[in-house]
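Chemist: Input file: final_5.pdb. Contents: PDB, C-alpha atoms.
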```pdb
ATOM      1  CA  HIS A   1     128.253 -25.468 -55.699
ATOM      2  CA  ARG A   2     127.663 -26.275 -59.357
ATOM      3  CA  GLY A   3     126.715 -22.678 -60.250
ATOM      4  CA  PHE A   4     129.874 -21.218 -58.733
ATOM      5  CA  LEU A   5     132.075 -23.891 -60.306
ATOM      6  CA  THR A   6     130.502 -23.299 -63.730
ATOM      7  CA  LEU A   7     130.980 -19.536 -63.378
ATOM      8  CA  CYS A   8     134.645 -19.884 -62.358
ATOM      9  CA  HIS A   9     135.259 -22.366 -65.157
ATOM     10  CA  SER A  10     133.797 -20.142 -67.877
ATOM     11  CA  ALA A  11     135.322 -16.907 -66.562
ATOM     12  CA  SER A  12     138.794 -18.459 -66.259
ATOM     13  CA  TYR A  13     138.755 -19.776 -69.826
ATOM     14  CA  CYS A  14     137.574 -16.386 -71.071
ATOM     15  CA  CYS A  15     140.452 -14.609 -69.297
ATOM     16  CA  PHE A  16     143.089 -17.072 -70.489
ATOM     17  CA  ALA A  17     141.856 -16.831 -74.094
ATOM     18  CA  GLY A  18     141.916 -13.026 -73.903
ATOM     19  CA  LEU A  19     145.505 -13.066 -72.692
ATOM     20  CA  GLU A  20     146.521 -15.415 -75.507
ATOM     21  CA  LEU A  21     144.871 -13.216 -78.144
ATOM     22  CA  PHE A  22     146.441 -10.079 -76.645
ATOM     23  CA  ARG A  23     149.850 -11.730 -76.888
ATOM     24  CA  ASP A  24     149.234 -12.502 -80.578
ATOM     25  CA  GLY A  25     148.132  -8.947 -81.406
ATOM     26  CA  TRP A  26     144.516  -9.891 -82.137
ATOM     27  CA  SER A  27     141.729  -7.311 -82.116
ATOM     28  CA  PRO A  28     137.903  -7.665 -82.254
ATOM     29  CA  ALA A  29     137.982  -6.148 -85.736
ATOM     30  CA  LYS A  30     139.638  -9.353 -86.980
ATOM     31  CA  ARG A  31     136.651 -11.519 -85.969
ATOM     32  CA  THR A  32     135.283 -13.487 -88.945
ATOM     33  CA  THR A  33     132.703 -15.723 -87.250
ATOM     34  CA  PRO A  34     129.182 -14.344 -86.622
ATOM     35  CA  LEU A  35     128.301 -13.822 -82.979
ATOM     36  CA  ARG A  36     125.220 -15.969 -83.577
ATOM     37  CA  ASP A  37     127.399 -19.061 -84.032
ATOM     38  CA  TYR A  38     129.379 -18.287 -80.895
ATOM     39  CA  ALA A  39     126.127 -17.779 -78.981
ATOM     40  CA  ILE A  40     124.888 -21.237 -80.002
ATOM     41  CA  VAL A  41     128.160 -22.824 -78.889
ATOM     42  CA  ALA A  42     128.045 -20.835 -75.642
ATOM     43  CA  VAL A  43     124.582 -22.121 -74.712
ATOM     44  CA  PHE A  44     125.558 -25.741 -75.160
ATOM     45  CA  CYS A  45     128.956 -25.231 -73.484
ATOM     46  CA  PHE A  46     127.141 -23.806 -70.473
ATOM     47  CA  LEU A  47     124.700 -26.726 -70.433
ATOM     48  CA  SER A  48     127.524 -29.245 -70.748
ATOM     49  CA  VAL A  49     129.555 -27.833 -67.845
ATOM     50  CA  PHE A  50     126.536 -27.090 -65.622
ATOM     51  CA  LEU A  51     124.955 -30.533 -66.087
ATOM     52  CA  ALA A  52     128.306 -32.289 -65.600
ATOM     53  CA  ASN A  53     128.874 -30.422 -62.331
ATOM     54  CA  ALA A  54     125.288 -31.089 -61.253
ATOM     55  CA  SER A  55     125.694 -34.833 -61.840
ATOM     56  CA  LEU A  56     128.463 -34.961 -59.209
ATOM     57  CA  GLY A  57     125.844 -34.172 -56.596
ATOM     58  CA  TYR A  58     124.345 -37.627 -57.206
ATOM     59  CA  ILE A  59     127.155 -39.867 -58.481
ATOM     60  CA  GLN A  60     130.881 -40.300 -57.940
ATOM     61  CA  TYR A  61     133.435 -38.821 -60.319
ATOM     62  CA  SER A  62     134.447 -42.298 -61.502
ATOM     63  CA  THR A  63     130.848 -42.997 -62.521
ATOM     64  CA  ARG A  64     130.732 -39.780 -64.512
ATOM     65  CA  VAL A  65     133.940 -40.824 -66.253
ATOM     66  CA  MET A  66     132.289 -44.134 -67.168
ATOM     67  CA  VAL A  67     129.371 -42.324 -68.790
ATOM     68  CA  LYS A  68     131.672 -39.912 -70.617
ATOM     69  CA  CYS A  69     133.642 -42.817 -72.067
ATOM     70  CA  LEU A  70     130.775 -43.464 -74.487
ATOM     71  CA  LYS A  71     130.830 -39.915 -75.916
ATOM     72  CA  PRO A  72     132.288 -40.927 -79.313
ATOM     73  CA  LEU A  73     129.014 -42.714 -80.151
ATOM     74  CA  PRO A  74     126.633 -39.716 -79.889
ATOM     75  CA  THR A  75     129.292 -37.592 -81.617
ATOM     76  CA  MET A  76     129.370 -40.021 -84.539
ATOM     77  CA  ALA A  77     125.569 -40.028 -84.708
ATOM     78  CA  LEU A  78     125.347 -36.222 -84.605
ATOM     79  CA  SER A  79     128.100 -35.948 -87.224
ATOM     80  CA  ARG A  80     126.111 -38.225 -89.515
ATOM     81  CA  ILE A  81     123.011 -36.050 -89.065
ATOM     82  CA  MET A  82     124.618 -32.601 -89.207
ATOM     83  CA  LEU A  83     127.421 -33.230 -91.706
ATOM     84  CA  GLY A  84     125.595 -35.645 -93.994
ATOM     85  CA  ARG A  85     126.484 -39.045 -95.356
ATOM     86  CA  GLU A  86     129.321 -37.887 -97.616
ATOM     87  CA  ARG A  87     131.277 -36.063 -94.903
ATOM     88  CA  ALA A  88     130.494 -38.418 -92.015
ATOM     89  CA  ALA A  89     129.936 -41.912 -93.379
ATOM     90  CA  TYR A  90     130.941 -44.375 -90.665
ATOM     91  CA  GLY A  91     131.022 -48.126 -91.073
ATOM     92  CA  VAL A  92     129.528 -50.623 -88.665
ATOM     93  CA  TRP A  93     132.937 -51.637 -87.340
ATOM     94  CA  GLU A  94     133.801 -48.038 -86.549
ATOM     95  CA  TYR A  95     130.736 -47.850 -84.315
ATOM     96  CA  VAL A  96     131.696 -51.200 -82.782
ATOM     97  CA  GLY A  97     135.259 -50.017 -82.187
ATOM     98  CA  ALA A  98     134.089 -46.793 -80.526
ATOM     99  CA  LEU A  99     131.673 -48.758 -78.325
ATOM    100  CA  VAL A 100     134.289 -51.328 -77.274
ATOM    101  CA  LEU A 101     136.828 -48.557 -76.672
ATOM    102  CA  GLY A 102     134.422 -46.759 -74.352
ATOM    103  CA  LEU A 103     133.333 -49.926 -72.572
ATOM    104  CA  GLY A 104     136.944 -50.892 -71.945
ATOM    105  CA  LEU A 105     137.682 -47.591 -70.272
ATOM    106  CA  ALA A 106     134.391 -47.788 -68.357
ATOM    107  CA  THR A 107     135.329 -51.254 -67.101
ATOM    108  CA  ALA A 108     138.572 -49.867 -65.710
ATOM    109  CA  THR A 109     136.611 -47.437 -63.500
ATOM    110  CA  LEU A 110     133.983 -49.971 -62.418
ATOM    111  CA  ASP A 111     135.708 -50.868 -59.166
ATOM    112  CA  GLY A 112     135.079 -47.469 -57.598
ATOM    113  CA  ALA A 113     131.806 -46.595 -59.283
ATOM    114  CA  ASP A 114     128.407 -46.182 -57.674
ATOM    115  CA  PHE A 115     126.939 -49.320 -59.206
ATOM    116  CA  ALA A 116     129.864 -51.643 -58.555
ATOM    117  CA  GLY A 117     127.523 -53.647 -56.348
ATOM    118  CA  GLY A 118     125.041 -54.141 -59.168
ATOM    119  CA  GLU A 119     122.261 -51.921 -57.783
ATOM    120  CA  ALA A 120     120.953 -48.761 -59.431
ATOM    121  CA  SER A 121     119.457 -46.267 -56.983
ATOM    122  CA  PRO A 122     117.271 -43.306 -58.035
ATOM    123  CA  ARG A 123     120.208 -40.999 -57.292
ATOM    124  CA  LEU A 124     122.398 -43.032 -59.636
ATOM    125  CA  VAL A 125     119.805 -42.882 -62.406
ATOM    126  CA  LEU A 126     119.408 -39.117 -61.991
ATOM    127  CA  GLY A 127     123.143 -38.489 -61.849
ATOM    128  CA  ALA A 128     123.858 -40.698 -64.862
ATOM    129  CA  SER A 129     121.037 -38.970 -66.776
ATOM    130  CA  LEU A 130     122.518 -35.548 -66.052
ATOM    131  CA  ALA A 131     125.953 -36.780 -67.147
ATOM    132  CA  GLY A 132     124.392 -38.222 -70.306
ATOM    133  CA  LEU A 133     122.718 -34.901 -71.153
ATOM    134  CA  ALA A 134     126.043 -33.161 -70.577
ATOM    135  CA  ILE A 135     127.640 -35.542 -73.063
ATOM    136  CA  LEU A 136     124.982 -34.812 -75.693
ATOM    137  CA  ALA A 137     125.501 -31.069 -75.258
ATOM    138  CA  ASP A 138     129.284 -31.458 -75.536
ATOM    139  CA  SER A 139     128.948 -33.676 -78.611
ATOM    140  CA  PHE A 140     126.754 -31.055 -80.261
ATOM    141  CA  VAL A 141     129.365 -28.367 -79.554
ATOM    142  CA  SER A 142     132.225 -30.179 -81.297
ATOM    143  CA  THR A 143     130.038 -31.242 -84.236
ATOM    144  CA  PHE A 144     128.599 -27.750 -84.687
ATOM    145  CA  GLU A 145     132.091 -26.258 -84.628
ATOM    146  CA  GLN A 146     133.204 -28.668 -87.330
ATOM    147  CA  CYS A 147     130.226 -28.202 -89.663
ATOM    148  CA  THR A 148     129.778 -24.432 -89.212
ATOM    149  CA  ILE A 149     132.653 -22.479 -87.683
ATOM    150  CA  PHE A 150     135.594 -24.451 -89.085
ATOM    151  CA  ALA A 151     133.889 -25.133 -92.425
ATOM    152  CA  ARG A 152     134.505 -21.553 -93.590
ATOM    153  CA  GLU A 153     137.508 -20.547 -95.649
ATOM    154  CA  THR A 154     138.719 -18.181 -92.926
ATOM    155  CA  ARG A 155     138.889 -20.125 -89.685
ATOM    156  CA  PRO A 156     139.047 -18.253 -86.396
ATOM    157  CA  PRO A 157     142.001 -18.826 -84.085
ATOM    158  CA  PRO A 158     141.094 -21.306 -81.332
ATOM    159  CA  ALA A 159     141.544 -18.659 -78.652
ATOM    160  CA  GLU A 160     138.955 -16.432 -80.365
ATOM    161  CA  LEU A 161     136.394 -19.226 -80.274
ATOM    162  CA  VAL A 162     137.109 -19.865 -76.597
ATOM    163  CA  LEU A 163     136.997 -16.141 -75.744
ATOM    164  CA  TYR A 164     133.586 -15.395 -77.227
ATOM    165  CA  THR A 165     132.070 -18.743 -76.320
ATOM    166  CA  TYR A 166     133.062 -18.716 -72.683
ATOM    167  CA  ALA A 167     132.417 -14.989 -72.241
ATOM    168  CA  MET A 168     128.794 -15.659 -73.175
ATOM    169  CA  ALA A 169     128.754 -18.831 -71.083
ATOM    170  CA  ALA A 170     130.145 -16.911 -68.111
ATOM    171  CA  PHE A 171     127.330 -14.374 -68.431
ATOM    172  CA  GLN A 172     124.756 -17.181 -68.415
ATOM    173  CA  SER A 173     126.482 -18.785 -65.439
ATOM    174  CA  PHE A 174     126.463 -15.488 -63.567
ATOM    175  CA  LEU A 175     122.721 -15.045 -64.100
ATOM    176  CA  VAL A 176     122.005 -18.558 -62.845
ATOM    177  CA  PHE A 177     124.378 -18.120 -59.907
ATOM    178  CA  VAL A 178     122.981 -14.805 -58.605
ATOM    179  CA  SER A 179     119.364 -15.869 -59.113
ATOM    180  CA  SER A 180     119.778 -18.783 -56.687
ATOM    181  CA  ASP A 181     120.622 -19.060 -53.004
ATOM    182  CA  GLU A 182     124.082 -20.365 -53.846
ATOM    183  CA  PRO A 183     126.177 -17.153 -53.380
ATOM    184  CA  GLN A 184     125.812 -17.225 -49.599
ATOM    185  CA  HIS A 185     126.565 -20.972 -49.407
ATOM    186  CA  ALA A 186     129.563 -20.605 -51.742
ATOM    187  CA  TYR A 187     130.963 -17.705 -49.709
ATOM    188  CA  THR A 188     130.635 -19.655 -46.473
ATOM    189  CA  PHE A 189     132.186 -22.803 -47.915
ATOM    190  CA  PHE A 190     135.169 -21.198 -49.655
ATOM    191  CA  SER A 191     135.837 -18.882 -46.700
ATOM    192  CA  ALA A 192     136.368 -22.011 -44.647
ATOM    193  CA  ASN A 193     138.379 -23.693 -47.436
ATOM    194  CA  PRO A 194     140.370 -20.919 -49.190
ATOM    195  CA  THR A 195     143.038 -23.295 -50.525
ATOM    196  CA  LEU A 196     140.438 -24.849 -52.804
ATOM    197  CA  LEU A 197     140.335 -21.636 -54.843
ATOM    198  CA  ALA A 198     144.068 -21.913 -55.573
ATOM    199  CA  LYS A 199     143.641 -25.550 -56.579
ATOM    200  CA  MET A 200     140.722 -24.607 -58.811
ATOM    201  CA  PHE A 201     142.833 -21.915 -60.492
ATOM    202  CA  CYS A 202     145.635 -24.376 -61.229
ATOM    203  CA  SER A 203     143.097 -26.851 -62.556
ATOM    204  CA  GLU A 204     141.617 -24.237 -64.895
ATOM    205  CA  ILE A 205     145.057 -23.435 -66.330
ATOM    206  CA  PHE A 206     145.570 -27.042 -67.392
ATOM    207  CA  GLY A 207     141.938 -27.249 -68.460
ATOM    208  CA  TYR A 208     142.391 -24.294 -70.797
ATOM    209  CA  ALA A 209     145.475 -25.889 -72.338
ATOM    210  CA  SER A 210     143.434 -29.042 -72.854
ATOM    211  CA  ILE A 211     140.463 -27.341 -74.494
ATOM    212  CA  SER A 212     142.775 -25.352 -76.779
ATOM    213  CA  MET A 213     144.192 -28.627 -78.061
ATOM    214  CA  VAL A 214     140.706 -30.123 -78.435
ATOM    215  CA  VAL A 215     139.549 -27.155 -80.541
ATOM    216  CA  ARG A 216     142.550 -27.651 -82.799
ATOM    217  CA  LEU A 217     141.754 -31.357 -83.093
ATOM    218  CA  VAL A 218     138.174 -30.576 -84.131
ATOM    219  CA  ALA A 219     139.383 -28.019 -86.683
ATOM    220  CA  HIS A 220     141.932 -30.310 -88.340
ATOM    221  CA  TYR A 221     140.632 -33.859 -87.807
ATOM    222  CA  GLY A 222     136.892 -33.599 -87.132
ATOM    223  CA  ALA A 223     134.652 -33.990 -84.101
ATOM    224  CA  THR A 224     134.621 -37.796 -83.974
ATOM    225  CA  ASN A 225     138.400 -38.188 -84.116
ATOM    226  CA  ALA A 226     138.705 -35.511 -81.445
ATOM    227  CA  GLU A 227     136.309 -37.390 -79.153
ATOM    228  CA  VAL A 228     138.163 -40.675 -79.675
ATOM    229  CA  ALA A 229     141.416 -38.906 -78.785
ATOM    230  CA  LYS A 230     139.755 -37.414 -75.687
ATOM    231  CA  THR A 231     138.512 -40.856 -74.661
ATOM    232  CA  ALA A 232     142.043 -42.234 -75.022
ATOM    233  CA  ARG A 233     143.237 -39.330 -72.892
ATOM    234  CA  LYS A 234     140.815 -40.387 -70.155
ATOM    235  CA  GLY A 235     142.620 -43.723 -69.997
ATOM    236  CA  VAL A 236     145.923 -41.974 -69.299
ATOM    237  CA  VAL A 237     144.275 -39.691 -66.723
ATOM    238  CA  LEU A 238     142.635 -42.681 -65.033
ATOM    239  CA  PHE A 239     145.936 -44.554 -64.788
ATOM    240  CA  PHE A 240     147.717 -41.468 -63.427
ATOM    241  CA  SER A 241     144.932 -40.834 -60.911
ATOM    242  CA  LEU A 242     144.839 -44.399 -59.613
ATOM    243  CA  VAL A 243     148.553 -45.125 -59.479
ATOM    244  CA  VAL A 244     150.236 -41.764 -58.850
ATOM    245  CA  ILE A 245     147.691 -39.669 -56.964
ATOM    246  CA  GLU A 246     145.658 -42.284 -55.076
ATOM    247  CA  GLY A 247     148.484 -44.835 -54.802
ATOM    248  CA  LYS A 248     146.195 -47.772 -55.539
ATOM    249  CA  ALA A 249     147.334 -51.111 -56.897
ATOM    250  CA  ILE A 250     146.236 -52.128 -60.387
ATOM    251  CA  LYS A 251     143.458 -54.726 -60.077
ATOM    252  CA  GLY A 252     141.883 -57.197 -62.441
ATOM    253  CA  ALA A 253     139.180 -54.719 -63.512
ATOM    254  CA  GLN A 254     141.806 -52.224 -64.666
ATOM    255  CA  VAL A 255     143.766 -54.898 -66.567
ATOM    256  CA  ARG A 256     140.628 -56.204 -68.307
ATOM    257  CA  GLY A 257     139.516 -52.678 -69.084
ATOM    258  CA  ALA A 258     142.904 -51.778 -70.569
ATOM    259  CA  LEU A 259     142.860 -54.848 -72.831
ATOM    260  CA  VAL A 260     139.321 -54.140 -74.024
ATOM    261  CA  PHE A 261     140.246 -50.480 -74.508
ATOM    262  CA  LEU A 262     143.244 -51.394 -76.693
ATOM    263  CA  ALA A 263     141.136 -53.856 -78.678
ATOM    264  CA  GLY A 264     138.464 -51.217 -79.313
ATOM    265  CA  THR A 265     141.070 -48.681 -80.381
ATOM    266  CA  ALA A 266     142.593 -51.178 -82.822
ATOM    267  CA  VAL A 267     139.175 -52.035 -84.290
ATOM    268  CA  PHE A 268     138.240 -48.369 -84.729
ATOM    269  CA  VAL A 269     141.561 -47.380 -86.356
ATOM    270  CA  GLU A 270     141.602 -50.398 -88.685
ATOM    271  CA  ALA A 271     137.942 -49.906 -89.699
ATOM    272  CA  LYS A 272     138.625 -46.256 -90.445
ATOM    273  CA  ARG A 273     141.694 -47.157 -92.502
ATOM    274  CA  ARG A 274     139.768 -49.698 -94.571
ATOM    275  CA  ARG A 275     136.879 -47.301 -95.164
ATOM    276  CA  LYS A 276     139.245 -44.620 -96.435
ATOM    277  CA  ALA A 277     140.983 -47.176 -98.654
ATOM    278  CA  ARG A 278     137.646 -48.256-100.168
ATOM    279  CA  SER A 279     136.528 -44.661-100.730
ATOM    280  CA  SER A 280     139.757 -43.816-102.591
ATOM    281  CA  ARG A 281     139.506 -46.761-105.004
ATOM    282  CA  PRO A 282     136.675 -45.429-107.218
ATOM    283  CA  ARG A 283     138.421 -42.078-107.682
ATOM    284  CA  LEU A 284     141.693 -43.827-108.527
ATOM    285  CA  TYR A 285     139.892 -46.123-110.985
ATOM    286  CA  GLN A 286     138.104 -43.171-112.577
ATOM    287  CA  GLN A 287     141.395 -41.279-112.953
ATOM    288  CA  VAL A 288     143.112 -44.265-114.604
ATOM    289  CA  SER A 289     140.152 -44.829-116.919
ATOM    290  CA  THR A 290     140.112 -41.192-117.981
ATOM    291  CA  GLU A 291     143.837 -41.193-118.689
ATOM    292  CA  GLY A 292     143.415 -44.367-120.716
ATOM    293  CA  LEU A 293     140.781 -42.741-122.910
ATOM    294  CA  VAL A 294     143.030 -39.773-123.556
TER     295      VAL A 294
END
```
In structure tokens, what does this structure look like?
Modeler:
Amino acid sequence: HRGFLTLCHSASYCCFAGLELFRDGWSPAKRTTPLRDYAIVAVFCFLSVFLANASLGYIQYSTRVMVKCLKPLPTMALSRIMLGRERAAYGVWEYVGALVLGLGLATATLDGADFAGGEASPRLVLGASLAGLAILADSFVSTFEQCTIFARETRPPPAELVLYTYAMAAFQSFLVFVSSDEPQHAYTFFSANPTLLAKMFCSEIFGYASISMVVRLVAHYGATNAEVAKTARKGVVLFFSLVVIEGKAIKGAQVRGALVFLAGTAVFVEAKRRRKARSSRPRLYQQVSTEGLV
């Protein structure tokens, strides 16, 4: 029921953002971002959610998590293209750190994934491809927000971005939903499983809190740093899911994945620190030289 899930997801976020803005005394007259920019974000948000939900029809959730672990890499590449070399100049070791970080987290989920046995079926290829396209769409969203919406002097409140973006995405989801044969199937399924709607509602509440924090990360620290933080968050979610919810014992794959994940994080952070240190040296030297001449 990917259409119904996408519609509920977008509509819930829109409602939560509207309530937050109403609490803060916001009005549509205070909007500073053109609707065109929100429409672009909405299209790719819809594609990201729809394709991610569609991929679960072919692969397990753990496999989708594995694919999503590599999202910092396309985000770094898109940032380099859309922001330019000066604003998004990454060193080789930063790419290596992001890759190792993602592979470490992917290794931790390998035990329950579809290709744990080493075979790739057509369903796996299709599902992984859909998840990969969802990642590209999501990476574009965060990069576009950084280079366009949050690059202006007057930045919109995060709830405003979520409201307009997901209102448009909900409209797209509704059109896709009603134009298919899914409404009848969704009604039959959720009539037989009404408790799932309550669980979905609770999930959307926490999801909205999460996306609000992600938007703030993009606004203040950039798309790449936000994606690295989200990847680190997946490690915490994975540990909580395995140990607390599923009650599974930690195996060798999880231990190896955690070690690789920590190593990748250390490489990325250290490479970023060194790059910033090198970039600040010429300006410091130029300032000292100028003061010496005076």
Chemist: May I ask for the distance between CA of Val41 (chain A) and CA of Val141 (chain A), given in Å to one decimal place?
Modeler: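 If I compute the distance from CA of Val41 (chain A) to CA of Val141 (chain A), I get 5.7 Å.
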Chemist: Taking the file as I've supplied it (selection: the PyMOL selection byres ((chain A and resi 94) around 8)), which residues are included? Please answer as a list in words.
Modeler: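 When the PyMOL selection byres ((chain A and resi 94) around 8) is applied to the shown file, the picked residues are Tyr90, Gly91, Val92, Trp93, Tyr95, Val96, Gly97, Ala98, Val267, Phe268, Val269, Ala271 and Lys272 of chain A.
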Chemist: Starting from the shown file, work through the PyMOL selection byres ((chain A and resi 234) around 10) and note down what comes out as an MDAnalysis selection string.
Modeler: chainID A and resid 65:66 68:69 102 105:106 228:233 235:240
Chemist: If we count only C-alpha atoms and set the cut-off at 9 Å, which residues sit around Phe50 (chain A), ignoring sequence neighbours fewer than 3 positions away in its own chain? Please answer as a count of residues only.
Modeler: 12
Chemist: Dig up all the protein and nucleic acid residues within 12 Å of (140.4, -23.4, -60.7) in the file frame, using only C-alpha atoms, and format them as a list in words.
Modeler: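 Residues with an atom at most 12 Å from (140.4, -23.4, -60.7): Phe4, Leu5, Thr6, Leu7, Cys8, His9, Ser10, Ala11, Ser12, Tyr13, Phe16, Pro194, Thr195, Leu196, Leu197, Ala198, Lys199, Met200, Phe201, Cys202, Ser203, Glu204, Ile205, Phe206, Gly207 and Tyr208 of chain A.
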Chemist: Mind pulling up the distance from CA of Val49 (chain A) to CA of Leu175 (chain A)?
Modeler: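 Going from CA of Leu175 (chain A) over to CA of Val49 (chain A), I get 15.0 Å.
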Chemist: Could you tell me which of A:Cys147, A:Leu103, A:Ala29, A:Ile211 comes closest to Ala253 (chain A) if we count all atoms listed in the file?
Modeler: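 Of all the options, A:Leu103 lies closest to Ala253 (chain A).
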Chemist: My list of candidates is A:Val162, A:Val176, A:Val218, A:Ala266. Which is closest to Ala17 (chain A) when distances are computed with only C-alpha atoms?
Modeler: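 Of A:Val162, A:Val176, A:Val218, A:Ala266, the one nearest Ala17 (chain A) is A:Val162, counting only C-alpha atoms.
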Chemist: Take CA of Asp37 (chain A) and CA of Thr148 (chain A) and report the distance between them in Å, one decimal.
Modeler: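 Going from CA of Asp37 (chain A) over to CA of Thr148 (chain A) covers 7.8 Å.
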Chemist: Near Arg216 (chain A), within 10 Å and counting only C-alpha atoms, which residues show up once chain neighbours fewer than 3 positions away are dropped, as an mmCIF file with C-alpha atoms, in the coordinates of the input?
Modeler:
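What landed in around01.cif:
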```cif
data_model
loop_
_atom_site.group_PDB
_atom_site.id
_atom_site.type_symbol
_atom_site.label_atom_id
_atom_site.label_comp_id
_atom_site.auth_asym_id
_atom_site.auth_seq_id
_atom_site.Cartn_x
_atom_site.Cartn_y
_atom_site.Cartn_z
ATOM 1 C CA PHE A 150 135.594 -24.451 -89.085
ATOM 2 C CA PRO A 157 142.001 -18.826 -84.085
ATOM 3 C CA PRO A 158 141.094 -21.306 -81.332
ATOM 4 C CA ALA A 159 141.544 -18.659 -78.652
ATOM 5 C CA ILE A 211 140.463 -27.341 -74.494
ATOM 6 C CA SER A 212 142.775 -25.352 -76.779
ATOM 7 C CA MET A 213 144.192 -28.627 -78.061
ATOM 8 C CA ALA A 219 139.383 -28.019 -86.683
ATOM 9 C CA HIS A 220 141.932 -30.310 -88.340
ATOM 10 C CA TYR A 221 140.632 -33.859 -87.807
ATOM 11 C CA GLY A 222 136.892 -33.599 -87.132
ATOM 12 C CA ALA A 226 138.705 -35.511 -81.445
#
```
Chemist: Quick one: of A:Val260, A:Val215, A:Cys15, A:Ile81, who's nearest to Pro156 (chain A), counting only C-alpha atoms?
Modeler: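 Looking only at the distances to Pro156 (chain A), the closest residue turns out to be A:Val215.
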Chemist: Some atoms are missing, so please complete region 13-18 of chain A with all heavy atoms and return it as a PDB file, keeping the file's coordinate frame.
Modeler:
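Saved result, result-v1.pdb, follows:
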```pdb
ATOM      1  N   TYR A  13     138.436 -19.507 -68.427  1.00  0.00           N
ATOM      2  CA  TYR A  13     138.755 -19.776 -69.826  1.00  0.00           C
ATOM      3  C   TYR A  13     138.688 -18.500 -70.653  1.00  0.00           C
ATOM      4  O   TYR A  13     139.506 -18.282 -71.562  1.00  0.00           O
ATOM      5  CB  TYR A  13     137.790 -20.809 -70.397  1.00  0.00           C
ATOM      6  CG  TYR A  13     138.102 -22.230 -70.015  1.00  0.00           C
ATOM      7  CD1 TYR A  13     138.959 -22.523 -68.952  1.00  0.00           C
ATOM      8  CD2 TYR A  13     137.536 -23.306 -70.691  1.00  0.00           C
ATOM      9  CE1 TYR A  13     139.248 -23.819 -68.596  1.00  0.00           C
ATOM     10  CE2 TYR A  13     137.816 -24.623 -70.339  1.00  0.00           C
ATOM     11  CZ  TYR A  13     138.673 -24.876 -69.288  1.00  0.00           C
ATOM     12  OH  TYR A  13     138.944 -26.181 -68.948  1.00  0.00           O
ATOM     13  N   CYS A  14     137.710 -17.659 -70.355  1.00  0.00           N
ATOM     14  CA  CYS A  14     137.574 -16.386 -71.071  1.00  0.00           C
ATOM     15  C   CYS A  14     138.807 -15.516 -70.844  1.00  0.00           C
ATOM     16  O   CYS A  14     139.358 -14.933 -71.787  1.00  0.00           O
ATOM     17  CB  CYS A  14     136.299 -15.677 -70.609  1.00  0.00           C
ATOM     18  SG  CYS A  14     136.028 -14.066 -71.371  1.00  0.00           S
ATOM     19  N   CYS A  15     139.274 -15.417 -69.615  1.00  0.00           N
ATOM     20  CA  CYS A  15     140.452 -14.609 -69.297  1.00  0.00           C
ATOM     21  C   CYS A  15     141.711 -15.161 -69.952  1.00  0.00           C
ATOM     22  O   CYS A  15     142.516 -14.411 -70.526  1.00  0.00           O
ATOM     23  CB  CYS A  15     140.638 -14.521 -67.787  1.00  0.00           C
ATOM     24  SG  CYS A  15     139.348 -13.602 -66.927  1.00  0.00           S
ATOM     25  N   PHE A  16     141.899 -16.462 -69.889  1.00  0.00           N
ATOM     26  CA  PHE A  16     143.089 -17.072 -70.489  1.00  0.00           C
ATOM     27  C   PHE A  16     143.103 -16.871 -72.006  1.00  0.00           C
ATOM     28  O   PHE A  16     144.152 -16.588 -72.595  1.00  0.00           O
ATOM     29  CB  PHE A  16     143.133 -18.563 -70.162  1.00  0.00           C
ATOM     30  CG  PHE A  16     143.316 -18.855 -68.703  1.00  0.00           C
ATOM     31  CD1 PHE A  16     142.778 -20.007 -68.133  1.00  0.00           C
ATOM     32  CD2 PHE A  16     144.010 -17.978 -67.885  1.00  0.00           C
ATOM     33  CE1 PHE A  16     142.940 -20.274 -66.780  1.00  0.00           C
ATOM     34  CE2 PHE A  16     144.178 -18.235 -66.528  1.00  0.00           C
ATOM     35  CZ  PHE A  16     143.631 -19.385 -65.986  1.00  0.00           C
ATOM     36  N   ALA A  17     141.928 -17.023 -72.641  1.00  0.00           N
ATOM     37  CA  ALA A  17     141.856 -16.831 -74.094  1.00  0.00           C
ATOM     38  C   ALA A  17     142.140 -15.382 -74.454  1.00  0.00           C
ATOM     39  O   ALA A  17     142.819 -15.096 -75.457  1.00  0.00           O
ATOM     40  CB  ALA A  17     140.472 -17.240 -74.604  1.00  0.00           C
ATOM     41  N   GLY A  18     141.640 -14.433 -73.644  1.00  0.00           N
ATOM     42  CA  GLY A  18     141.916 -13.026 -73.903  1.00  0.00           C
ATOM     43  C   GLY A  18     143.391 -12.701 -73.804  1.00  0.00           C
ATOM     44  O   GLY A  18     143.928 -11.947 -74.626  1.00  0.00           O
TER      45      GLY A  18
END
```
